[in-house]
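Raw contents of coords-v5.txt, compact mmCIF, C-alpha atoms:
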```txt
# COMPACT_ATOMS: atom_id res chain seq x y z
CA MET A 1 -115.05 74.29 34.40
CA LYS A 2 -116.79 72.15 36.98
CA SER A 3 -117.82 69.18 34.89
CA VAL A 4 -118.43 65.81 36.45
CA ALA A 5 -115.79 64.47 34.07
CA ARG A 6 -113.17 66.77 35.59
CA ILE A 7 -114.02 66.45 39.25
CA GLY A 8 -114.48 62.70 38.91
CA PHE A 9 -117.50 60.54 39.52
CA ARG A 10 -116.49 59.57 43.05
CA ALA A 11 -116.50 63.23 43.96
CA ALA A 12 -119.60 64.04 41.98
CA LEU A 13 -121.86 61.24 43.14
CA PRO A 14 -121.95 62.25 46.80
CA ALA A 15 -122.95 65.71 45.70
CA LEU A 16 -125.70 64.24 43.59
CA ALA A 17 -126.70 61.88 46.34
CA ALA A 18 -126.84 64.90 48.61
CA MET A 19 -129.94 65.78 46.66
CA ALA A 20 -131.73 64.55 49.74
CA LEU A 21 -133.97 67.50 49.70
CA LEU A 22 -135.99 69.23 52.35
CA ALA A 23 -138.19 66.61 53.88
CA PRO A 24 -139.58 64.41 56.64
CA GLN A 25 -140.52 64.33 60.28
CA SER A 26 -141.68 67.24 62.19
CA THR A 27 -143.93 69.39 64.02
CA ALA A 28 -145.69 71.19 61.30
CA VAL A 29 -146.56 74.76 61.92
CA ALA A 30 -149.59 76.24 60.34
CA SER A 31 -149.16 79.15 58.03
CA GLN A 32 -148.98 82.44 59.78
CA SER A 33 -149.95 84.35 56.72
CA GLY A 34 -153.63 84.65 57.43
CA ALA A 35 -156.46 83.30 55.37
CA ALA A 36 -155.69 80.41 53.08
CA ALA A 37 -155.97 80.55 49.33
CA SER A 38 -158.21 78.10 47.52
CA PRO A 39 -156.55 75.53 45.25
CA ALA A 40 -157.79 77.44 42.22
CA ALA A 41 -156.33 80.68 43.54
CA GLN A 42 -153.06 78.90 44.25
CA ALA A 43 -152.93 77.65 40.69
CA GLN A 44 -153.36 81.20 39.38
CA ALA A 45 -150.92 82.93 41.74
CA PRO A 46 -147.88 84.51 40.07
CA ALA A 47 -144.71 82.41 40.24
CA GLY A 48 -142.52 83.24 43.20
CA GLU A 49 -145.29 84.71 45.33
CA LEU A 50 -145.90 83.17 48.75
CA GLN A 51 -149.32 81.69 49.31
CA PRO A 52 -150.94 80.94 52.65
CA VAL A 53 -152.21 77.42 53.33
CA ALA A 54 -155.30 76.45 55.30
CA ALA A 55 -154.37 74.87 58.64
CA ALA A 56 -156.18 71.67 57.68
CA GLU A 57 -154.02 71.31 54.58
CA VAL A 58 -150.60 72.08 56.05
CA GLU A 59 -149.58 68.47 56.76
CA GLY A 60 -150.75 67.36 53.32
CA VAL A 61 -148.81 70.15 51.64
CA ILE A 62 -145.68 69.21 53.59
CA PHE A 63 -146.11 65.57 52.67
CA GLU A 64 -146.49 66.41 48.98
CA ARG A 65 -143.35 68.55 49.14
CA GLN A 66 -141.44 65.73 50.81
CA GLN A 67 -142.52 63.32 48.10
CA ILE A 68 -141.44 65.74 45.36
CA MET A 69 -138.03 66.06 47.01
CA LEU A 70 -137.58 62.33 47.46
CA GLN A 71 -138.43 61.71 43.81
CA LEU A 72 -136.04 64.48 42.79
CA GLU A 73 -133.30 62.83 44.82
CA LYS A 74 -133.89 59.51 43.05
CA ASP A 75 -133.92 61.15 39.62
CA ALA A 76 -130.74 63.13 40.34
CA GLU A 77 -128.95 60.00 41.50
CA GLN A 78 -130.05 58.21 38.35
CA LEU A 79 -128.76 61.08 36.23
CA GLY A 80 -125.41 60.84 38.04
CA LEU A 81 -125.23 57.13 37.28
CA ILE A 82 -125.98 57.72 33.59
CA VAL A 83 -123.36 60.46 33.30
CA ALA A 84 -120.84 58.20 35.04
CA GLY A 85 -121.58 55.42 32.55
CA LEU A 86 -123.05 53.17 35.22
CA ALA A 87 -126.58 53.25 33.79
CA PRO A 88 -127.76 53.16 30.15
CA ARG A 89 -127.47 56.47 28.33
CA ASP A 90 -130.75 55.90 26.48
CA LYS A 91 -132.54 57.09 29.62
CA LEU A 92 -130.61 60.37 29.69
CA ALA A 93 -133.28 62.62 28.18
CA ALA A 94 -136.12 61.18 30.25
CA THR A 95 -134.11 61.37 33.45
CA ALA A 96 -132.93 64.93 32.84
CA ARG A 97 -136.53 65.88 32.07
CA ALA A 98 -137.65 64.28 35.34
CA VAL A 99 -135.04 66.32 37.23
CA ALA A 100 -136.20 69.53 35.52
CA ASP A 101 -139.84 68.78 36.30
CA GLY A 102 -138.91 67.98 39.88
CA ALA A 103 -136.94 71.22 40.20
CA ARG A 104 -139.89 73.22 38.90
CA ASP A 105 -142.35 71.40 41.16
CA SER A 106 -140.12 71.73 44.19
CA ARG A 107 -139.70 75.45 43.66
CA ALA A 108 -143.48 75.82 43.40
CA SER A 109 -144.05 73.63 46.45
CA PHE A 110 -142.28 76.11 48.72
CA GLU A 111 -144.50 78.94 47.54
CA LEU A 112 -147.14 77.30 49.68
CA HIS A 113 -146.28 78.62 53.12
CA ALA A 114 -146.42 75.39 55.12
CA GLU A 115 -143.63 75.29 57.67
CA GLY A 116 -142.51 71.90 58.89
CA GLY A 117 -140.60 68.80 57.96
CA ARG A 118 -136.87 69.40 57.77
CA SER A 119 -137.42 72.76 56.12
CA LYS A 120 -136.07 75.60 58.22
CA PRO A 121 -138.41 78.54 58.87
CA GLU A 122 -135.73 80.72 57.27
CA ILE A 123 -136.99 79.53 53.89
CA TRP A 124 -139.99 81.75 54.35
CA SER A 125 -138.47 84.46 56.53
CA ASN A 126 -135.69 84.84 53.94
CA TRP A 127 -137.95 84.11 51.01
CA GLN A 128 -136.34 86.34 48.43
CA ASP A 129 -132.99 84.59 48.74
CA TYR A 130 -134.45 81.11 48.88
CA ASN A 131 -136.80 81.67 45.98
CA GLN A 132 -134.00 83.08 43.86
CA ARG A 133 -131.87 80.00 44.52
CA MET A 134 -134.75 77.70 43.62
CA GLN A 135 -135.47 79.67 40.47
CA VAL A 136 -131.83 79.29 39.38
CA PHE A 137 -132.08 75.57 40.10
CA ALA A 138 -135.28 75.27 38.07
CA ASP A 139 -133.94 77.32 35.14
CA ARG A 140 -130.63 75.47 34.91
CA SER A 141 -132.26 72.08 35.27
CA GLU A 142 -134.57 73.02 32.41
CA GLN A 143 -131.53 74.00 30.33
CA MET A 144 -129.94 70.66 31.19
CA ALA A 145 -133.09 68.79 30.13
CA LYS A 146 -133.10 70.60 26.79
CA LEU A 147 -129.45 69.72 26.19
CA ALA A 148 -130.25 66.09 26.97
CA GLU A 149 -133.22 66.13 24.60
CA THR A 150 -131.01 67.30 21.75
CA GLY A 151 -128.42 64.65 22.58
CA ASN A 152 -125.81 67.17 23.73
CA PHE A 153 -124.19 64.94 26.33
CA ASN A 154 -121.03 67.00 26.76
CA GLY A 155 -123.05 70.19 27.10
CA LEU A 156 -125.10 68.59 29.85
CA ILE A 157 -122.01 67.47 31.72
CA GLU A 158 -120.57 70.96 31.37
CA ILE A 159 -123.43 72.59 33.29
CA MET A 160 -124.47 69.71 35.50
CA SER A 161 -122.82 70.70 38.76
CA ASP A 162 -124.00 74.29 38.37
CA ALA A 163 -127.49 73.10 37.49
CA MET A 164 -127.89 71.16 40.71
CA PRO A 165 -126.50 73.28 43.55
CA CYS A 166 -128.39 71.16 46.08
CA LYS A 167 -125.93 71.15 48.95
CA ALA A 168 -125.67 74.93 49.14
CA CYS A 169 -129.40 75.16 49.87
CA HIS A 170 -129.43 72.17 52.18
CA ASP A 171 -126.62 73.63 54.29
CA LEU A 172 -128.56 76.83 54.77
CA TYR A 173 -132.18 75.83 54.75
CA ARG A 174 -132.55 72.21 55.87
CA THR A 175 -132.21 70.79 59.37
CA PRO A 176 -129.97 67.73 59.76
CA LYS A 177 -131.56 64.33 59.68
CA LYS A 178 -132.85 63.14 63.01
CA ARG A 179 -130.68 60.37 64.49
CA THR A 180 -132.62 57.17 65.18
CA MET B 1 -127.25 1.27 57.00
CA THR B 2 -130.49 1.52 58.94
CA VAL B 3 -131.64 5.09 59.25
CA PHE B 4 -134.86 4.50 61.21
CA SER B 5 -135.70 1.58 63.39
CA VAL B 6 -138.74 0.96 65.51
CA PRO B 7 -137.80 0.83 69.20
CA PRO B 8 -138.30 -2.54 70.85
CA GLY B 9 -141.92 -2.92 71.87
CA GLY B 10 -142.99 0.18 69.91
CA SER B 11 -145.83 0.37 67.48
CA THR B 12 -144.80 0.99 63.86
CA ARG B 13 -147.87 3.12 63.21
CA ARG B 14 -147.20 5.33 66.22
CA TYR B 15 -143.57 5.64 65.23
CA VAL B 16 -144.48 6.72 61.71
CA ARG B 17 -146.87 9.27 63.19
CA VAL B 18 -144.13 10.74 65.41
CA ILE B 19 -141.74 11.02 62.47
CA GLY B 20 -144.51 12.61 60.43
CA LEU B 21 -145.13 15.20 63.14
CA CYS B 22 -141.42 15.92 63.38
CA LEU B 23 -141.23 16.45 59.62
CA ALA B 24 -144.31 18.66 59.68
CA GLY B 25 -142.78 20.68 62.52
CA ALA B 26 -139.54 21.09 60.61
CA LEU B 27 -141.44 22.21 57.50
CA ALA B 28 -143.52 24.64 59.55
CA ALA B 29 -140.37 26.06 61.13
CA THR B 30 -138.83 26.53 57.68
CA ALA B 31 -142.00 28.18 56.43
CA SER B 32 -142.26 30.53 59.39
CA ALA B 33 -138.62 31.54 58.95
CA ALA B 34 -139.15 32.42 55.29
CA ALA B 35 -142.59 33.95 55.64
CA PRO B 36 -141.63 37.34 57.15
CA VAL B 37 -139.36 38.12 54.21
CA ASP B 38 -142.17 37.33 51.80
CA LEU B 39 -144.57 39.39 53.87
CA ILE B 40 -142.19 42.32 53.82
CA LYS B 41 -141.84 41.97 50.04
CA THR B 42 -145.61 41.99 49.70
CA ARG B 43 -145.82 45.05 51.92
CA ILE B 44 -143.12 46.91 49.98
CA ALA B 45 -144.81 46.06 46.67
CA GLY B 46 -148.13 47.25 48.03
CA TYR B 47 -146.75 50.55 49.26
CA ARG B 48 -144.83 51.02 46.02
CA ASP B 49 -148.05 50.72 44.04
CA LEU B 50 -149.81 53.03 46.47
CA GLY B 51 -146.98 55.55 46.17
CA GLU B 52 -147.09 55.45 42.38
CA ALA B 53 -150.83 56.00 42.36
CA PHE B 54 -150.65 58.87 44.82
CA LYS B 55 -147.76 60.46 42.93
CA ALA B 56 -149.84 60.32 39.75
CA VAL B 57 -152.71 61.97 41.62
CA ASN B 58 -150.54 64.83 42.84
CA ASP B 59 -148.65 65.25 39.57
CA GLY B 60 -151.92 65.40 37.66
CA LEU B 61 -153.57 67.85 40.02
CA ARG B 62 -150.48 70.03 40.36
CA ARG B 63 -149.69 70.20 36.66
CA GLY B 64 -153.28 70.60 35.53
CA SER B 65 -153.33 67.40 33.49
CA ALA B 66 -155.73 65.49 35.74
CA THR B 67 -159.06 64.24 34.44
CA PRO B 68 -161.88 62.96 36.67
CA GLN B 69 -161.70 59.54 35.00
CA GLN B 70 -157.97 59.25 35.64
CA MET B 71 -158.45 60.35 39.24
CA GLN B 72 -161.20 57.76 39.74
CA ARG B 73 -158.92 54.98 38.48
CA LEU B 74 -156.15 56.12 40.79
CA ALA B 75 -158.56 56.43 43.71
CA ALA B 76 -159.58 52.81 43.15
CA ARG B 77 -155.93 51.72 43.41
CA ILE B 78 -155.49 53.75 46.58
CA SER B 79 -158.68 52.32 48.08
CA ALA B 80 -157.50 48.79 47.33
CA ALA B 81 -154.24 49.50 49.16
CA ALA B 82 -156.16 51.06 52.05
CA GLN B 83 -158.02 47.77 52.48
CA ALA B 84 -155.00 45.54 51.96
CA GLN B 85 -152.76 47.43 54.41
CA TYR B 86 -154.49 45.74 57.35
CA ARG B 87 -152.86 42.46 56.24
CA TRP B 88 -149.39 43.92 55.67
CA PHE B 89 -148.12 44.02 59.26
CA PRO B 90 -148.54 40.58 60.85
CA ALA B 91 -146.50 39.75 63.94
CA GLY B 92 -142.98 38.73 63.03
CA SER B 93 -142.68 40.99 59.99
CA GLY B 94 -140.91 43.80 61.84
CA PRO B 95 -137.31 44.94 61.80
CA ARG B 96 -134.61 42.46 62.75
CA ALA B 97 -131.03 41.70 61.81
CA GLY B 98 -130.57 40.87 58.14
CA VAL B 99 -133.99 42.11 57.09
CA LYS B 100 -134.40 45.37 55.23
CA THR B 101 -137.57 47.19 56.18
CA ALA B 102 -138.53 50.79 56.88
CA ALA B 103 -141.20 49.65 59.34
CA GLN B 104 -140.38 50.65 62.90
CA SER B 105 -140.89 48.26 65.82
CA GLU B 106 -143.39 50.75 67.27
CA ILE B 107 -145.93 49.42 64.77
CA TRP B 108 -146.17 46.32 66.97
CA SER B 109 -145.33 47.82 70.35
CA ARG B 110 -147.94 50.56 69.90
CA ALA B 111 -150.38 48.48 67.90
CA PRO B 112 -153.63 50.28 68.85
CA GLU B 113 -152.15 53.62 67.86
CA PHE B 114 -150.93 52.20 64.57
CA ARG B 115 -154.30 50.61 63.91
CA ALA B 116 -155.94 54.00 64.48
CA ALA B 117 -153.54 55.61 62.01
CA GLN B 118 -154.40 52.93 59.46
CA GLY B 119 -158.05 53.72 60.04
CA THR B 120 -157.45 57.41 59.40
CA PHE B 121 -155.73 56.60 56.12
CA SER B 122 -158.55 54.27 55.14
CA ARG B 123 -161.18 56.95 55.84
CA GLN B 124 -159.24 59.60 53.90
CA ALA B 125 -158.89 57.19 50.98
CA ARG B 126 -162.68 56.83 50.94
CA THR B 127 -163.12 60.60 51.13
CA PHE B 128 -160.74 61.07 48.20
CA ALA B 129 -162.57 58.40 46.18
CA GLN B 130 -165.86 60.19 46.85
CA ALA B 131 -164.32 63.50 45.76
CA THR B 132 -163.21 61.98 42.45
CA GLY B 133 -166.82 60.94 41.83
CA GLY B 134 -167.93 64.58 41.98
CA GLY B 135 -165.69 65.64 39.11
CA ASP B 136 -164.54 68.84 40.87
CA LEU B 137 -160.74 68.97 40.59
CA ALA B 138 -160.38 71.64 43.31
CA ALA B 139 -162.28 69.40 45.76
CA MET B 140 -160.05 66.50 44.74
CA ARG B 141 -156.99 68.64 45.50
CA VAL B 142 -158.24 69.32 49.03
CA ALA B 143 -159.10 65.65 49.58
CA ALA B 144 -155.72 64.57 48.18
CA ARG B 145 -153.94 66.82 50.67
CA GLN B 146 -155.94 65.39 53.54
CA LEU B 147 -155.06 61.93 52.29
CA GLY B 148 -151.39 62.95 52.14
CA ALA B 149 -151.61 64.22 55.70
CA SER B 150 -152.81 60.78 56.80
CA CYS B 151 -149.82 59.20 55.03
CA LYS B 152 -147.50 61.63 56.79
CA GLY B 153 -149.07 60.88 60.15
CA CYS B 154 -147.98 57.24 59.85
CA HIS B 155 -144.60 58.00 58.30
CA ASP B 156 -143.70 60.41 61.10
CA SER B 157 -144.44 57.91 63.84
CA PHE B 158 -143.95 54.48 62.38
CA ARG B 159 -141.56 54.62 59.43
CA VAL B 160 -137.80 55.02 59.32
CA GLU B 161 -136.88 58.46 58.04
CA SER B 162 -136.35 58.11 54.32
CA ASP B 163 -133.53 60.51 53.39
```

Here is a file; write its structure as structure tokens.
Amino acid sequence: MKSVARIGFRAALPALAAMALLAPQSTAVASQSGAAASPAAQAQAPAGELQPVAAAEVEGVIFERQQIMLQLEKDAEQLGLIVAGLAPRDKLAATARAVADGARDSRASFELHAEGGRSKPEIWSNWQDYNQRMQVFADRSEQMAKLAETGNFNGLIEIMSDAMPCKACHDLYRTPKKRT
Amino acid sequence: MTVFSVPPGGSTRRYVRVIGLCLAGALAATASAAAPVDLIKTRIAGYRDLGEAFKAVNDGLRRGSATPQQMQRLAARISAAAQAQYRWFPAGSGPRAGVKTAAQSEIWSRAPEFRAAQGTFSRQARTFAQATGGGDLAAMRVAARQLGASCKGCHDSFRVESD
């Protein structure tokens, strides 16, 4: 069992804080997938399918993805604080829901093939693996949110570290932060 | 104990004036020392509101819950920030020891470039506001992405990396 309670908050918080997801700075590269899909077509595309992005929209798509990831990082940290008893538990359900929404949005954000930021190109060249990892993240975060909504605190703790396998993806698919 | 005394042969009125100027100078020095912190707080609050508004725009458009009326209200908030941003970076409000700010010193050392980036953001904010007036959510999505690109342009060059 890999619950936060067992591995200890001091060990768990860095992992949660490591939710610093794929983000900032870069030389964005326009999609190499050909013609871009319209926003309406993007909305209707099947989940998990890569979608090209118009060159003029690449930077905006990257920025939106970065913002989703930054918000997800904040929400995950807040969830860690609640679980550790350092923040009020009455925010548990809302925070877990925010993490689940962020996980779903982040997974979808990478379907838009906009290379850049700290995202490695391998995300798209190794799409099947990356997408599967993100789908697991989204599914387990959703499960965690449902446990929180029913007040099952221990159940949430039980699956928490499995539900947020952030570092595994970061190690493979995110470039290190630029030193300033 | 005598704290102040008029020098021999000095005019009392002139002496009072000198003391007054000294006091005013001291007050001005105090004010200028405190002002940058307040300016940075104002700037952070402004960007926080802008960020909230833009997040609501993207959440709404992405999740299909956006309405034209909601987008128009959010566009108004973004436009207000686009106007106000020109007052958020006065000289002396940059990074220095003991002051927490994500603003990079290049904002002031490359001022014309930064000003141009602010102009780009301002123009894209207007374009987004116009798109919300048309009621077409797909057009708003495109305009929102262009607006986001203008945010990113500044962040990449002038803001400390955030994660």

Self-check item: Distance criterion (only C-alpha atoms): nearest to Ile68 in chain A out of A:Ser106, A:Thr95, A:Ser125, A:Gln51
Solution: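 Smallest distance to Ile68 in chain A is found for A:Ser106.
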
Do a neighbour search on range 60-65 of chain A at 9 Å with only C-alpha atoms, toss out local chain neighbours closer than 3 positions, and write the hits as a PyMOL selection string. (chain A and resi 22-24+28+53+56-57+68-70+105-106+109-110+112-117) or (chain B and resi 55+58+142+144-152)

Worksheet entry | Pairwise distance for CA of Pro36 in chain B and CA of Ser93 in chain B, rounded to one decimal in Å |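 These two atoms are separated by 4.7 Å.
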
Report task. For chain B, report every residue with an atom at most 12 Å from chain A (counting all atoms listed in the file), formatted as number ranges by chain. Result -> B: 51-52, 54-64, 104, 124, 136-163

For range 141-149 of chain A, I'd like the enclosing box, axis-aligned and padded by 6 Å on every side, reported as JSON with centre and edge lengths in Å to one decimal.
```
{"center_x": -132.0, "center_y": 70.0, "center_z": 29.9, "size_x": 17.1, "size_y": 19.9, "size_z": 22.7}
```

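Our summary of the geometry notes that CA of Glu158 in chain A is positioned 23.9 Å from CA of Asp171 in chain A.
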
Leaving out range 127-142 of chain A and any residue of its chain fewer than 3 positions from it, which residues lie within 7 Å of it when counting only C-alpha atoms, given as a PyMOL selection string? chain A and resi 48+99-100+103-104+107+123-124+145-146+163-165

Generate the coordinates of N, CA, C and O atoms for range 127-150 of chain A; report them as an mmCIF file, in the frame of the given file.
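Final output, out.cif:
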```cif
data_model
loop_
_atom_site.group_PDB
_atom_site.id
_atom_site.type_symbol
_atom_site.label_atom_id
_atom_site.label_comp_id
_atom_site.auth_asym_id
_atom_site.auth_seq_id
_atom_site.Cartn_x
_atom_site.Cartn_y
_atom_site.Cartn_z
ATOM 1 N N TRP A 127 -137.350 84.644 52.225
ATOM 2 C CA TRP A 127 -137.950 84.110 51.010
ATOM 3 C C TRP A 127 -137.274 84.570 49.726
ATOM 4 O O TRP A 127 -137.086 83.786 48.794
ATOM 5 N N GLN A 128 -136.905 85.815 49.679
ATOM 6 C CA GLN A 128 -136.340 86.340 48.430
ATOM 7 C C GLN A 128 -135.073 85.560 48.045
ATOM 8 O O GLN A 128 -134.900 85.171 46.889
ATOM 9 N N ASP A 129 -134.220 85.335 49.011
ATOM 10 C CA ASP A 129 -132.990 84.590 48.740
ATOM 11 C C ASP A 129 -133.300 83.137 48.355
ATOM 12 O O ASP A 129 -132.787 82.621 47.360
ATOM 13 N N TYR A 130 -134.157 82.523 49.137
ATOM 14 C CA TYR A 130 -134.450 81.110 48.880
ATOM 15 C C TYR A 130 -135.114 80.931 47.514
ATOM 16 O O TYR A 130 -134.735 80.057 46.726
ATOM 17 N N ASN A 131 -136.085 81.786 47.239
ATOM 18 C CA ASN A 131 -136.800 81.670 45.980
ATOM 19 C C ASN A 131 -135.884 81.895 44.780
ATOM 20 O O ASN A 131 -135.994 81.211 43.759
ATOM 21 N N GLN A 132 -134.947 82.823 44.953
ATOM 22 C CA GLN A 132 -134.000 83.080 43.860
ATOM 23 C C GLN A 132 -133.134 81.843 43.604
ATOM 24 O O GLN A 132 -132.885 81.467 42.462
ATOM 25 N N ARG A 133 -132.682 81.220 44.665
ATOM 26 C CA ARG A 133 -131.870 80.000 44.520
ATOM 27 C C ARG A 133 -132.677 78.893 43.823
ATOM 28 O O ARG A 133 -132.158 78.199 42.948
ATOM 29 N N MET A 134 -133.921 78.744 44.224
ATOM 30 C CA MET A 134 -134.750 77.700 43.620
ATOM 31 C C MET A 134 -135.065 77.997 42.158
ATOM 32 O O MET A 134 -135.167 77.091 41.332
ATOM 33 N N GLN A 135 -135.199 79.296 41.861
ATOM 34 C CA GLN A 135 -135.470 79.670 40.470
ATOM 35 C C GLN A 135 -134.256 79.351 39.591
ATOM 36 O O GLN A 135 -134.397 78.837 38.472
ATOM 37 N N VAL A 136 -133.065 79.618 40.105
ATOM 38 C CA VAL A 136 -131.830 79.290 39.380
ATOM 39 C C VAL A 136 -131.766 77.774 39.156
ATOM 40 O O VAL A 136 -131.452 77.299 38.058
ATOM 41 N N PHE A 137 -132.075 77.035 40.192
ATOM 42 C CA PHE A 137 -132.080 75.570 40.100
ATOM 43 C C PHE A 137 -133.069 75.114 39.021
ATOM 44 O O PHE A 137 -132.729 74.290 38.153
ATOM 45 N N ALA A 138 -134.265 75.666 39.044
ATOM 46 C CA ALA A 138 -135.280 75.270 38.070
ATOM 47 C C ALA A 138 -134.860 75.646 36.646
ATOM 48 O O ALA A 138 -134.987 74.840 35.708
ATOM 49 N N ASP A 139 -134.329 76.855 36.483
ATOM 50 C CA ASP A 139 -133.940 77.320 35.140
ATOM 51 C C ASP A 139 -132.786 76.480 34.570
ATOM 52 O O ASP A 139 -132.814 76.066 33.409
ATOM 53 N N ARG A 140 -131.799 76.229 35.403
ATOM 54 C CA ARG A 140 -130.630 75.470 34.910
ATOM 55 C C ARG A 140 -130.973 74.006 34.680
ATOM 56 O O ARG A 140 -130.430 73.365 33.770
ATOM 57 N N SER A 141 -131.837 73.473 35.486
ATOM 58 C CA SER A 141 -132.260 72.080 35.270
ATOM 59 C C SER A 141 -133.035 71.965 33.951
ATOM 60 O O SER A 141 -132.902 70.978 33.224
ATOM 61 N N GLU A 142 -133.829 72.995 33.673
ATOM 62 C CA GLU A 142 -134.570 73.020 32.410
ATOM 63 C C GLU A 142 -133.586 73.074 31.232
ATOM 64 O O GLU A 142 -133.752 72.358 30.232
ATOM 65 N N GLN A 143 -132.568 73.885 31.376
ATOM 66 C CA GLN A 143 -131.530 74.000 30.330
ATOM 67 C C GLN A 143 -130.839 72.643 30.147
ATOM 68 O O GLN A 143 -130.596 72.201 29.013
ATOM 69 N N MET A 144 -130.578 71.981 31.248
ATOM 70 C CA MET A 144 -129.940 70.660 31.190
ATOM 71 C C MET A 144 -130.843 69.648 30.473
ATOM 72 O O MET A 144 -130.374 68.849 29.659
ATOM 73 N N ALA A 145 -132.139 69.714 30.772
ATOM 74 C CA ALA A 145 -133.090 68.790 30.130
ATOM 75 C C ALA A 145 -133.128 69.019 28.629
ATOM 76 O O ALA A 145 -133.197 68.067 27.836
ATOM 77 N N LYS A 146 -133.063 70.294 28.232
ATOM 78 C CA LYS A 146 -133.100 70.600 26.790
ATOM 79 C C LYS A 146 -131.834 70.106 26.103
ATOM 80 O O LYS A 146 -131.890 69.594 24.977
ATOM 81 N N LEU A 147 -130.711 70.244 26.760
ATOM 82 C CA LEU A 147 -129.450 69.720 26.190
ATOM 83 C C LEU A 147 -129.546 68.200 26.036
ATOM 84 O O LEU A 147 -129.118 67.638 25.033
ATOM 85 N N ALA A 148 -130.117 67.552 27.024
ATOM 86 C CA ALA A 148 -130.250 66.090 26.970
ATOM 87 C C ALA A 148 -131.187 65.677 25.839
ATOM 88 O O ALA A 148 -130.945 64.692 25.135
ATOM 89 N N GLU A 149 -132.253 66.461 25.646
ATOM 90 C CA GLU A 149 -133.220 66.130 24.600
ATOM 91 C C GLU A 149 -132.623 66.263 23.206
ATOM 92 O O GLU A 149 -133.037 65.575 22.282
ATOM 93 N N THR A 150 -131.652 67.159 23.062
ATOM 94 C CA THR A 150 -131.010 67.300 21.750
ATOM 95 C C THR A 150 -129.768 66.413 21.632
ATOM 96 O O THR A 150 -129.023 66.493 20.653
#
```
